[in-house]
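Trainee: Take this structure first; my questions come after.
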Amino acid sequence: MKKRIDKSQLWAALTLLLLAASVWFGLPPYYHFVAVGLAALALPALLWRKGAFWIALLALVGCGVFLLRFRASGYHFTALIPLTAAVLMPVFRFGKRGLKRLAGAALALGLVLFFAAEIPILYTALTAAESDAPYVIVLGAAVYGETPSISLRHRSDRAAAHLQRNPDAVAVVSGGQGEGEDISEAEAMRRYLVDKGVAGDRILLEDASTSTLENLTFSKRVIENSGGDPARVAVVSSSYHLYRAKRMAAALGMAAEGLPSSDGYPVYMTGMYLREAVAVWKLWVLGI
């Protein structure tokens with residue numbers, strides 16, 4: 001009599017297909033071969049009862065290591081998801097009851113804390129509207145040599161659109177020079193905006209900051225030194241970052257309106273939302 005496919009085989013196959021879909025839709029097209037390989041493993045997982053668990057476990061570890069390869073681009077935060085799953089799988093399969101309960105409680109607490117932070121993050125991003133603020137502060141992101149990252153280009157594009165809609169508005173491009181950057185993030189944005197047709201006299205540089213709080217603090221000072229009033233500004237950043245940026249701007253006495261830039265690849269953004277949840281809890285608890 002033919003053996004039935006048990007639940008562990010189904011879960012293993014679904015895990016592999018989910019990983020395949022995440023890679024296919026979440027990373028650049030030249031990594032589609034990885035998704036094809038993961039999807040192909042779903043068939044032996046369905047057919048091989050004893051090996052299904054180990055195929056899924058090795059696939060999770062492999063995906064975690066694969067994403068860690070992109071550490072410089074931030075994918076290592078997303079890597080925590082498959083690696084955590086890889087740790088929990090043997091615990092829930094082979095662990096004693098007490099260990100399973102402890103792991104389940106830790107997982108539940110982590111999810112509660114994560115979603116408590118994600119609700120205001122998502123609400124701020126989804127309810128953002130267009131602005132007519134006289135100043136727009138553009139928060140920096142990575143620069144590779146002298147080439148702006150995807151995130152920095154998206155933020156600069158959003159600032160350019162605001163300046164086009166508001167002919168009298170001025171941009172403050174904010175960000176210092178970090179490791180691996182041949183120019184400051186502010187200078188990279190200034191060049192990008194000028195190439196987009198923005199007049200140079202509509203761009204103020206803040207090129208000394210190394211954090212979000214410094215971005216906003218130093219940008220406020222730049223506006224004041226130019227004779228402007230920073231009481232009402234628009235802040236351009238990635239969607240996941242707006243909630244925290246607006247909270248910090250408010251603490252500095254600025255009424256900030258958030259302008260979310262286009263998101264990057266979904267797998268990258270998943271990691272950024274994960275990291276931002278931790279940053280939001282740090283803000284709530286420590287005030288920074």
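Letters A, B, ... mark the chains of the structure tokens in the order given; residue numbers begin at 1 per chain; ligand numbers begin at 1, in order shown.
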Residues within 8 Å of region 128-145 of chain A, please, as a ChimeraX atom specification. Count only C-alpha atoms; anything in the same chain fewer than 4 positions from it doesn't count.

Mentor: /A:124,149,151-152,155-156,159,162,165-166,168-176,180-186,188,212,215-216,219,230,232-237,257-260

Trainee: Determine which residues of region 150-273 of chain A receive a DSSP assignment of strand (DSSP E or B), computed from the backbone, and state them as JSON, numbers by chain.

Mentor: {"A": [170, 171, 172, 173, 174, 181, 203, 204, 205, 206, 232, 233, 234, 235, 236, 237, 238, 255, 256, 257, 258, 259, 260, 261]}

Trainee: Please identify all polymer residues within 12 Å of region 27-43 of chain A, counting only C-alpha atoms, omitting same-chain residues fewer than 4 positions from it, and present them as a VMD selection string.

Mentor: chain A and resid 5 9 to 23 47 to 49 51 to 60 62 to 63 66 to 67 70 75 78 264 to 270

Trainee: Would you mind exporting the chosen residues as a compact mmCIF listing (two decimals), in the first residue's frame, restricted to C-alpha atoms?

Mentor:
```
# COMPACT_ATOMS: atom_id res chain seq x y z
CA ILE A 5 2.34 12.11 2.76
CA GLN A 9 6.51 16.49 4.56
CA LEU A 10 3.82 19.04 3.70
CA TRP A 11 5.34 21.62 6.04
CA ALA A 12 8.78 21.01 4.57
CA ALA A 13 7.49 21.41 1.01
CA LEU A 14 5.57 24.57 1.90
CA THR A 15 8.65 26.01 3.61
CA LEU A 16 10.73 25.39 0.51
CA LEU A 17 8.11 26.92 -1.78
CA LEU A 18 7.79 29.95 0.50
CA LEU A 19 11.55 30.45 0.44
CA ALA A 20 11.54 30.08 -3.34
CA ALA A 21 8.77 32.69 -3.70
CA SER A 22 10.59 35.08 -1.37
CA VAL A 23 13.76 34.89 -3.46
CA LEU A 47 8.54 11.93 -1.56
CA TRP A 48 11.18 11.32 1.11
CA ARG A 49 9.57 11.18 4.53
CA GLY A 51 14.66 13.41 4.74
CA ALA A 52 11.96 16.09 4.43
CA PHE A 53 12.77 17.74 7.74
CA TRP A 54 16.50 17.92 7.01
CA ILE A 55 16.00 19.24 3.48
CA ALA A 56 13.89 22.12 4.83
CA LEU A 57 16.33 22.77 7.69
CA LEU A 58 19.35 22.91 5.37
CA ALA A 59 17.42 25.17 2.98
CA LEU A 60 16.66 27.62 5.80
CA GLY A 62 21.40 28.06 3.28
CA CYS A 63 19.06 31.00 2.71
CA PHE A 66 23.05 33.45 1.31
CA LEU A 67 21.44 36.63 2.67
CA PHE A 70 24.74 40.88 1.27
CA TYR A 75 20.24 41.92 3.94
CA THR A 78 16.42 39.55 6.81
CA GLY A 264 13.57 48.68 -2.43
CA TYR A 265 13.48 44.94 -3.06
CA PRO A 266 10.95 43.22 -0.71
CA VAL A 267 13.51 40.93 0.95
CA TYR A 268 15.68 43.94 1.78
CA MET A 269 12.69 45.91 3.06
CA THR A 270 11.64 43.01 5.28
```

Trainee: Rank A:Val222, A:Leu252, A:Gly228, A:Met189 by their smallest atom-to-atom distance to Leu204 (chain A), using only C-alpha atoms, and report the top residue only.

Mentor: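 Result for the nearest residue to Leu204 (chain A): A:Val222.
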
Trainee: CA of Leu88 (chain A) and CA of Phe25 (chain A) are how many Å apart?

Mentor: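 Spanning CA of Leu88 (chain A) to CA of Phe25 (chain A) is a straight-line distance of 25.3 Å.
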